[in-house]
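See below for structure17.tsv, which holds TSV, C-alpha atoms.
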chain	number	residue	atom	x	y	z
A	1	MET	CA	180.85	82.28	204.59
A	2	PRO	CA	179.64	79.51	202.31
A	3	GLN	CA	179.05	80.50	198.67
A	4	MET	CA	175.47	80.23	197.50
A	5	LYS	CA	174.83	78.01	194.57
A	6	ARG	CA	173.09	79.72	191.63
A	7	THR	CA	170.08	78.15	190.08
A	8	PRO	CA	169.16	78.32	186.38
A	9	GLN	CA	166.35	80.74	187.28
A	10	ASP	CA	168.92	83.26	188.58
A	11	CYS	CA	170.85	83.40	185.27
A	12	PRO	CA	168.72	84.48	182.33
A	13	SER	CA	169.39	82.36	179.27
A	14	ARG	CA	171.14	84.00	176.28
A	15	LEU	CA	169.57	81.59	173.89
A	16	PRO	CA	167.27	83.21	171.30
A	17	GLU	CA	163.61	82.44	171.40
A	18	ASN	CA	162.51	79.31	169.73
A	19	THR	CA	160.89	81.00	166.72
A	20	ALA	CA	161.40	80.45	163.03
A	21	VAL	CA	162.85	83.94	162.58
A	22	LYS	CA	165.36	83.86	165.43
A	23	GLN	CA	166.28	80.24	164.82
A	24	GLN	CA	166.76	80.95	161.11
A	25	GLN	CA	164.31	78.30	160.06
A	26	LEU	CA	162.28	80.31	157.57
A	27	PRO	CA	161.61	78.59	154.27
A	28	ALA	CA	163.94	79.69	151.47
A	29	CYS	CA	163.94	79.35	147.71
A	30	ARG	CA	167.20	78.51	146.03
A	31	LEU	CA	167.40	79.20	142.33
A	32	GLN	CA	168.44	76.28	140.22
A	33	LEU	CA	170.06	78.14	137.34
A	34	SER	CA	170.87	76.27	134.20
A	35	ALA	CA	173.06	77.24	131.28
A	36	THR	CA	170.01	77.45	129.03
A	37	GLY	CA	168.20	79.85	131.36
A	38	ILE	CA	171.22	82.09	131.84
A	39	LEU	CA	171.93	82.31	128.11
A	40	SER	CA	168.26	82.97	127.33
A	41	GLY	CA	168.14	85.87	129.81
A	42	PHE	CA	171.44	87.25	128.53
A	43	PHE	CA	170.35	87.25	124.89
A	44	ALA	CA	166.88	88.61	125.74
A	45	THR	CA	168.47	91.56	127.55
A	46	GLY	CA	170.82	92.10	124.61
A	47	VAL	CA	167.96	92.13	122.10
A	48	PHE	CA	166.06	94.65	124.25
A	49	CYS	CA	169.07	96.96	124.54
A	50	LEU	CA	169.78	96.62	120.82
A	51	GLY	CA	166.21	97.58	119.97
A	52	MET	CA	166.35	100.62	122.25
A	53	GLY	CA	169.66	101.63	120.69
A	54	VAL	CA	168.25	101.42	117.18
A	55	ILE	CA	165.27	103.55	118.20
A	56	LEU	CA	167.54	106.20	119.74
A	57	ILE	CA	169.86	106.24	116.73
A	58	LEU	CA	166.97	106.60	114.27
A	59	SER	CA	165.51	109.39	116.41
A	60	ALA	CA	168.84	111.22	116.46
A	61	LYS	CA	169.32	110.82	112.70
A	62	SER	CA	165.87	112.27	112.04
A	63	SER	CA	166.99	115.65	113.41
A	64	MET	CA	167.95	118.68	111.36
A	65	GLU	CA	170.10	121.50	112.72
A	66	ILE	CA	170.73	125.10	111.77
A	67	GLU	CA	173.65	126.63	113.67
A	68	ILE	CA	174.44	130.34	113.57
A	69	ASN	CA	177.62	131.67	115.12
A	70	TYR	CA	176.86	135.22	116.15
A	71	THR	CA	179.93	136.13	118.18
A	72	LYS	CA	180.96	138.81	115.70
A	73	ILE	CA	177.40	139.93	115.00
A	74	CYS	CA	176.86	140.94	118.63
A	75	ALA	CA	180.42	142.06	119.31
A	76	SER	CA	179.32	145.59	120.24
A	77	CYS	CA	177.01	144.32	122.98
A	78	ALA	CA	179.71	141.97	124.22
A	79	LYS	CA	182.13	144.87	124.44
A	80	LEU	CA	179.59	146.94	126.34
A	81	ARG	CA	178.98	144.14	128.84
A	82	GLU	CA	182.66	143.75	129.63
A	83	ASN	CA	182.32	146.81	131.85
A	84	ALA	CA	180.13	146.02	134.86
A	85	ARG	CA	179.14	149.68	135.11
A	86	ASN	CA	177.03	149.23	131.98
A	87	PHE	CA	174.80	146.55	133.48
A	88	ASP	CA	171.70	148.79	133.28
A	89	LYS	CA	172.33	149.90	129.70
A	90	GLU	CA	170.19	147.99	127.23
A	91	CYS	CA	171.87	146.65	124.12
A	92	THR	CA	170.11	144.81	121.32
A	93	CYS	CA	171.42	142.81	118.41
A	94	SER	CA	169.60	140.98	115.65
A	95	ILE	CA	170.59	137.64	114.11
A	96	PRO	CA	168.77	136.88	110.82
A	97	PHE	CA	168.38	133.40	109.37
A	98	HIS	CA	166.31	131.67	106.71
A	99	LEU	CA	164.20	128.50	106.73
A	100	THR	CA	164.12	126.98	103.25
A	101	GLN	CA	161.16	124.71	103.95
A	102	THR	CA	158.13	124.62	106.18
A	103	MET	CA	159.08	123.45	109.64
A	104	ARG	CA	156.22	121.60	111.27
A	105	VAL	CA	158.54	120.23	113.84
A	106	LEU	CA	159.47	119.42	117.34
A	107	ALA	CA	161.97	122.25	117.24
A	108	HIS	CA	164.64	123.24	119.72
A	109	SER	CA	166.11	126.69	119.26
A	110	TYR	CA	169.33	127.17	121.18
A	111	LEU	CA	170.54	130.67	121.89
A	112	SER	CA	173.91	130.23	123.46
A	113	LYS	CA	176.24	132.34	125.55
A	114	ALA	CA	179.78	131.89	126.63
A	115	CYS	CA	180.53	132.70	130.22
A	116	THR	CA	183.86	134.44	130.21
A	117	GLY	CA	186.26	136.27	132.39
A	118	HIS	CA	188.14	134.77	135.30
A	119	PRO	CA	190.30	131.66	135.72
A	120	MET	CA	189.04	129.12	138.20
A	121	SER	CA	192.16	129.43	140.35
A	122	CYS	CA	191.18	133.01	141.17
A	123	TYR	CA	187.52	132.18	141.64
A	124	ASN	CA	185.60	134.21	144.19
A	125	LEU	CA	181.88	133.59	144.40
A	126	SER	CA	181.05	137.10	145.53
A	127	ALA	CA	183.12	138.84	142.86
A	128	HIS	CA	182.96	136.59	139.79
A	129	PRO	CA	180.57	134.04	138.34
A	130	PRO	CA	181.61	130.40	138.04
A	131	CYS	CA	183.13	130.84	134.59
A	132	THR	CA	186.11	129.86	132.53
A	133	PRO	CA	187.86	131.84	129.79
A	134	ASP	CA	185.80	132.27	126.66
A	135	PRO	CA	185.46	128.92	124.83
A	136	GLY	CA	183.56	130.44	121.90
A	137	ASP	CA	180.02	131.60	121.28
A	138	LEU	CA	177.44	129.95	119.11
A	139	LEU	CA	173.81	130.34	118.28
A	140	GLU	CA	172.16	127.10	117.38
A	141	PHE	CA	168.71	126.85	115.88
A	142	GLN	CA	168.00	123.17	115.90
A	143	PHE	CA	164.97	121.28	114.69
A	144	PHE	CA	164.14	117.79	115.88
A	145	HIS	CA	161.24	115.94	114.37
A	146	GLY	CA	159.77	112.57	115.04
A	147	THR	CA	157.97	111.90	111.75
A	148	TYR	CA	159.41	112.49	108.29
A	149	HIS	CA	157.05	112.61	105.32
A	150	LEU	CA	157.46	114.64	102.14
A	151	LEU	CA	159.67	117.22	103.86
A	152	MET	CA	156.97	117.94	106.41
A	153	TYR	CA	157.62	117.74	110.15
A	154	TYR	CA	155.04	117.64	112.88
A	155	GLY	CA	155.16	118.59	116.53
A	156	ASN	CA	155.77	121.52	118.87
A	157	VAL	CA	158.47	124.15	118.83
A	158	TYR	CA	160.66	124.94	121.82
A	159	MET	CA	163.30	127.62	122.29
A	160	TYR	CA	166.31	127.03	124.52
A	161	TYR	CA	169.25	129.14	125.59
A	162	LYS	CA	172.63	127.49	125.92
A	163	LEU	CA	175.61	128.51	128.02
A	164	TYR	CA	179.23	127.46	127.65
A	165	GLY	CA	181.72	127.41	130.50
A	166	PHE	CA	179.23	128.28	133.26
A	167	TYR	CA	179.87	126.04	136.27
A	168	GLN	CA	176.57	125.62	138.09
A	169	ASN	CA	177.98	122.48	139.72
A	170	LEU	CA	180.46	124.22	142.04
A	171	HIS	CA	179.92	123.25	145.67
A	172	GLY	CA	179.73	126.82	146.99
A	173	TYR	CA	177.40	127.85	144.18
A	174	LEU	CA	175.04	124.92	144.78
A	175	LEU	CA	174.74	125.61	148.51
A	176	SER	CA	174.14	129.34	148.08
A	177	ARG	CA	170.34	129.24	148.30
A	178	SER	CA	167.59	129.09	150.92
A	179	ASN	CA	165.06	126.30	150.47
A	180	SER	CA	162.83	127.61	153.27
A	181	GLN	CA	162.71	130.97	151.49
A	182	LEU	CA	161.91	129.37	148.13
A	183	LEU	CA	159.08	127.42	149.77
A	184	GLY	CA	157.57	130.69	150.96
A	185	THR	CA	157.97	129.72	154.60
A	186	ASP	CA	160.25	132.58	155.60
A	187	VAL	CA	161.34	135.09	152.94
A	188	LYS	CA	163.91	136.56	155.35
A	189	ASP	CA	165.74	133.28	155.97
A	190	VAL	CA	169.07	133.97	154.26
A	191	GLU	CA	171.52	132.15	156.53
A	192	THR	CA	172.71	129.74	153.83
A	193	CYS	CA	172.88	132.26	150.99
A	194	ALA	CA	176.36	133.75	151.42
A	195	PRO	CA	177.72	135.82	149.79
A	196	PHE	CA	174.38	137.10	148.46
A	197	SER	CA	172.37	136.98	151.68
A	198	LYS	CA	171.98	140.65	152.55
A	199	SER	CA	172.48	143.99	150.82
A	200	HIS	CA	174.99	146.58	151.94
A	201	ASP	CA	172.46	148.09	154.37
A	202	GLY	CA	171.65	144.70	155.91
A	203	THR	CA	168.34	144.10	154.12
A	204	PRO	CA	167.68	140.41	153.35
A	205	ILE	CA	167.79	139.54	149.66
A	206	ALA	CA	164.88	137.66	148.10
A	207	PRO	CA	165.57	135.40	146.37
A	208	CYS	CA	168.98	135.10	147.99
A	209	GLY	CA	172.07	133.18	146.93
A	210	ALA	CA	174.52	132.98	144.05
A	211	ILE	CA	172.23	130.86	141.87
A	212	ALA	CA	169.39	133.37	141.95
A	213	ASN	CA	171.74	136.33	141.55
A	214	SER	CA	173.13	134.96	138.26
A	215	LEU	CA	169.67	134.44	136.73
A	216	PHE	CA	169.64	134.46	132.93
A	217	ASN	CA	167.37	137.41	132.15
A	218	ASP	CA	168.22	138.44	128.61
A	219	THR	CA	165.15	138.98	126.46
A	220	ILE	CA	165.00	136.89	123.28
A	221	ILE	CA	162.35	137.58	120.64
A	222	LEU	CA	161.84	135.55	117.46
A	223	SER	CA	160.52	137.57	114.51
A	224	TYR	CA	159.08	136.35	111.20
A	225	LYS	CA	159.17	138.35	107.97
A	226	LEU	CA	155.63	137.96	106.67
A	227	ASN	CA	156.37	139.93	103.50
A	228	SER	CA	158.86	142.50	102.24
A	229	SER	CA	157.55	145.20	104.56
A	230	VAL	CA	155.88	143.42	107.48
A	231	HIS	CA	157.68	141.70	110.36
A	232	ILE	CA	155.63	139.95	113.02
A	233	GLN	CA	156.69	138.58	116.37
A	234	VAL	CA	156.43	134.81	116.65
A	235	PRO	CA	154.11	134.11	119.61
A	236	MET	CA	156.03	132.27	122.31
A	237	LEU	CA	154.66	131.10	125.67
A	238	ARG	CA	156.51	131.76	128.93
A	239	SER	CA	154.55	129.18	130.91
A	240	GLY	CA	154.63	125.40	130.94
A	241	ILE	CA	158.43	125.16	130.71
A	242	THR	CA	159.20	123.82	134.19
A	243	TRP	CA	159.19	120.41	135.80
A	244	TRP	CA	155.89	119.70	137.55
A	245	THR	CA	157.62	118.87	140.84
A	246	ASP	CA	159.50	122.18	140.76
A	247	LYS	CA	156.45	124.28	140.01
A	248	TYR	CA	154.07	122.73	142.52
A	249	ILE	CA	156.27	121.25	145.25
A	250	LYS	CA	159.73	122.84	145.50
A	251	PHE	CA	158.76	126.48	144.91
A	252	ARG	CA	155.95	128.39	146.59
A	253	ASN	CA	155.11	132.03	147.06
A	254	PRO	CA	154.49	133.49	150.53
A	255	SER	CA	150.88	133.28	151.64
A	256	SER	CA	149.58	136.71	150.73
A	257	SER	CA	147.13	138.19	148.28
A	258	ASN	CA	149.63	140.94	147.47
A	259	LEU	CA	153.10	139.76	146.49
A	260	SER	CA	154.74	143.15	146.92
A	261	SER	CA	153.60	143.29	150.54
A	262	ALA	CA	154.64	139.65	151.06
A	263	PHE	CA	158.20	140.59	150.09
A	264	ALA	CA	158.22	143.78	152.16
A	265	GLY	CA	161.43	144.15	154.13
A	266	THR	CA	163.52	142.41	151.46
A	267	THR	CA	165.44	143.64	148.43
A	268	LYS	CA	166.20	142.26	144.96
A	269	PRO	CA	169.47	140.47	144.12
A	270	PRO	CA	172.30	142.84	143.09
A	271	SER	CA	172.31	141.70	139.43
A	272	TRP	CA	168.55	141.91	138.93
A	273	PRO	CA	166.95	144.93	137.23
A	274	LYS	CA	163.63	144.40	139.03
A	275	PRO	CA	162.28	142.65	142.16
A	276	VAL	CA	161.05	139.08	142.07
A	277	TYR	CA	157.37	140.05	142.23
A	278	GLU	CA	157.67	142.05	138.97
A	279	LEU	CA	159.33	139.45	136.73
A	280	ASP	CA	156.30	139.08	134.45
A	281	GLU	CA	154.22	142.20	133.94
A	282	ASN	CA	151.76	140.46	131.61
A	283	ASP	CA	150.91	137.48	133.81
A	284	PRO	CA	150.45	138.16	137.55
A	285	GLY	CA	150.49	134.42	138.26
A	286	ASN	CA	153.98	134.10	136.79
A	287	ASN	CA	155.68	136.23	139.43
A	288	GLY	CA	157.56	135.65	142.64
A	289	PHE	CA	159.18	132.30	143.28
A	290	LEU	CA	156.68	130.71	140.86
A	291	ASN	CA	158.11	132.48	137.83
A	292	ASP	CA	158.88	129.83	135.22
A	293	ASP	CA	162.15	131.38	134.02
A	294	PHE	CA	163.37	131.60	137.61
A	295	ILE	CA	162.43	128.00	138.40
A	296	VAL	CA	164.15	126.70	135.26
A	297	TRP	CA	167.35	128.56	136.15
A	298	MET	CA	167.32	127.34	139.76
A	299	ARG	CA	167.50	123.71	138.59
A	300	THR	CA	171.29	123.65	138.36
A	301	ALA	CA	173.12	121.88	135.55
A	302	ALA	CA	175.64	119.09	136.08
A	303	PHE	CA	178.04	120.21	133.36
A	304	PRO	CA	179.54	123.59	132.40
A	305	THR	CA	177.91	123.47	128.95
A	306	PHE	CA	174.14	123.21	129.25
A	307	LYS	CA	170.88	124.39	127.78
A	308	LYS	CA	167.68	125.39	129.50
A	309	LEU	CA	164.16	125.69	128.15
A	310	TYR	CA	163.27	129.33	127.49
A	311	ARG	CA	160.03	129.46	125.49
A	312	ARG	CA	157.60	127.28	123.56
A	313	LEU	CA	155.68	128.16	120.43
A	314	SER	CA	152.08	129.28	120.72
A	315	ARG	CA	150.54	127.56	117.72
A	316	THR	CA	148.18	130.32	116.58
A	317	GLN	CA	147.61	132.49	113.49
A	318	HIS	CA	150.42	131.88	110.98
A	319	PHE	CA	152.07	129.26	113.20
A	320	ILE	CA	149.30	126.75	113.78
A	321	GLU	CA	151.28	123.94	112.12
A	322	GLY	CA	154.71	125.18	113.21
A	323	LEU	CA	157.21	127.58	111.66
A	324	PRO	CA	156.53	128.33	107.98
A	325	ALA	CA	159.42	128.69	105.55
A	326	GLY	CA	160.80	132.18	105.21
A	327	ASN	CA	163.05	134.76	106.82
A	328	TYR	CA	163.39	135.00	110.60
A	329	SER	CA	165.52	136.88	113.05
A	330	PHE	CA	166.43	136.60	116.72
A	331	ASN	CA	166.37	139.91	118.55
A	332	VAL	CA	168.42	139.64	121.72
A	333	SER	CA	168.17	142.35	124.34
A	334	TYR	CA	170.76	142.41	127.13
A	335	THR	CA	169.20	143.28	130.46
A	336	GLY	CA	171.50	143.41	133.44
A	337	MET	CA	173.56	140.25	133.11
A	338	GLU	CA	176.90	141.77	134.05
A	339	LYS	CA	177.63	138.79	136.24
A	340	LEU	CA	177.86	136.60	133.15
A	341	LYS	CA	180.20	138.94	131.27
A	342	SER	CA	178.94	137.22	128.14
A	343	SER	CA	179.49	137.88	124.47
A	344	LEU	CA	176.36	136.84	122.66
How does the structure come out when it is put into structure tokens?
Amino acid sequence: MPQMKRTPQDCPSRLPENTAVKQQQLPACRLQLSATGILSGFFATGVFCLGMGVILILSAKSSMEIEINYTKICASCAKLRENARNFDKECTCSIPFHLTQTMRVLAHSYLSKACTGHPMSCYNLSAHPPCTPDPGDLLEFQFFHGTYHLLMYYGNVYMYYKLYGFYQNLHGYLLSRSNSQLLGTDVKDVETCAPFSKSHDGTPIAPCGAIANSLFNDTIILSYKLNSSVHIQVPMLRSGITWWTDKYIKFRNPSSSNLSSAFAGTTKPPSWPKPVYELDENDPGNNGFLNDDFIVWMRTAAFPTFKKLYRRLSRTQHFIEGLPAGNYSFNVSYTGMEKLKSSL
């Protein structure tokens, strides 16, 4: 049988279309770099970086720090917390300090804890927190100010707590959370929260996961000695300490007018003294997954030594311009942080 001869119409062409894009005929701009232009850009970038460096160095040098090591001061509370059976026993210690001049400052007060207990080689997320042996405990009361003039400093005052040797960057620790639960979509979605997903009787935990279970919930109160016989509590605000994206995008409460009913059928994390909808008794809007302290803690740190914003000064009454000179004290109340096994 004779073989039929193929025509060009029978074989589709593999040639690309005759367009500027497919024929690679688009106009292009080729930079004509000269030595003068390259050197000018290089030195301009250097001058910019040098200026930024000078600004940062001057800002750092304008800071003043007061550090108070209170390991021995609170040794009794540390000893009590070494036994996990004492997690519900309140223990309070007081750390006095003195400000020799009026602090109208952008102040950062660091209350620090060391996370102690178990070597990393024996680490078990369900039994121990992500800690290393005790590297030392330190309270730091630091003041940073932007403007210096006649020993007066202007700005706001912020209080931080600082932890040493607490590994929030461990892979298992980071994954132990439920984003759908934190968004208020399904408070019983605990599939990714092991080993803190359900209680012993099978009730879902809210909020679930290792991050939420290890929440820093010690109570820290700053007191000011107004005179020889009167001590007043420095007014500190619990709100406005979170990132905007965390507060209004990443964390939402379940859609319900009553939070306690919205969390019905769930239970609190094992290390918490109270459920999530009772975290702030004074401010109903600061409860549930929208609690500022909870949101700040849930933003995990990249390094084992870190600080997190705890409070900010309410500039009223005697503290309109900041912290006046005088005698102060930190009153630290331990409330159920046996997972940290800390020694404040």
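Note that the spacing between atom CA of A:Leu58 and atom CA of A:Tyr328 amounts to 28.9 Å.
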Residues of stretch 261-312 of chain A that have any atom at most 9 Å from an atom of stretch 186-194 of chain A: could you tabulate them with the shortest-distance atom pair and the distance in Å to one decimal, using all atoms listed in the file, ordered by chain and increasing number, as CSV?
residue,atom,partner,partner_atom,distance
A:Ala262,CA,A:Val187,CA,8.3
A:Phe263,CA,A:Val187,CA,6.9
A:Gly265,CA,A:Lys188,CA,8.1
A:Thr266,CA,A:Lys188,CA,7.0
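Take atom CA of A:Asn217 and atom CA of A:Leu99: the distance between them is 27.1 Å.
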Work out how far apart atom CA of A:His98 and atom CA of A:Thr305 are and give it in Å to one decimal.
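If I compute the distance from atom CA of A:His98 to atom CA of A:Thr305, I get 26.4 Å.
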Using all atoms listed in the file, pick whichever of A:Arg14, A:Ile55, A:Ala264, A:Cys77 has the shortest atom-to-atom distance to A:Thr203.
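Checking each candidate against A:Thr203, we get A:Ala264 as the closest.
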Can you build me a table of stretch 169-234 of chain A residues sitting at most 12 Å from stretch 81-95 of chain A, with the closest atom pair per residue and its distance in Å to one decimal, using all atoms listed in the file, sorted by chain and residue number, as a Markdown table?
| residue | atom | partner | partner_atom | distance |
| --- | --- | --- | --- | --- |
| A:Asn217 | CA | A:Phe87 | CA | 11.9 |
| A:Asp218 | CA | A:Glu90 | CA | 9.8 |
| A:Thr219 | CA | A:Thr92 | CA | 9.2 |
| A:Ile220 | CA | A:Thr92 | CA | 9.6 |
| A:Ile221 | CA | A:Ser94 | CA | 9.4 |
| A:Leu222 | CA | A:Ile95 | CA | 9.6 |
| A:Ser223 | CA | A:Ser94 | CA | 9.8 |
| A:Tyr224 | CA | A:Ile95 | CA | 11.9 |
Identify, on the basis of all atoms listed in the file, every residue whose closest approach to A:Pro269 does not exceed 9 Å; exclude the query and any residue fewer than 4 positions from it along the same chain; express the result as a PyMOL selection string.
chain A and resi 196-199+205-209+212-214+273-276
Print the selection's residues with C-alpha atoms to a file, as a short mmCIF file (atom, residue, chain, number, x, y, z; two decimals), in the frame of the given file.
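As a result, again_23.cif now contains:
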data_model
loop_
_atom_site.label_atom_id
_atom_site.label_comp_id
_atom_site.auth_asym_id
_atom_site.auth_seq_id
_atom_site.Cartn_x
_atom_site.Cartn_y
_atom_site.Cartn_z
CA PHE A 196 174.38 137.10 148.46
CA SER A 197 172.37 136.98 151.68
CA LYS A 198 171.98 140.65 152.55
CA SER A 199 172.48 143.99 150.82
CA ILE A 205 167.79 139.54 149.66
CA ALA A 206 164.88 137.66 148.10
CA PRO A 207 165.57 135.40 146.37
CA CYS A 208 168.98 135.10 147.99
CA GLY A 209 172.07 133.18 146.93
CA ALA A 212 169.39 133.37 141.95
CA ASN A 213 171.74 136.33 141.55
CA SER A 214 173.13 134.96 138.26
CA PRO A 273 166.95 144.93 137.23
CA LYS A 274 163.63 144.40 139.03
CA PRO A 275 162.28 142.65 142.16
CA VAL A 276 161.05 139.08 142.07
#
Spatial neighbours of stretch 287-296 of chain A, 6 Å, all atoms listed in the file, chain gap at least 5 places, as a PyMOL selection string:
chain A and resi 242+253+276-277+279-280
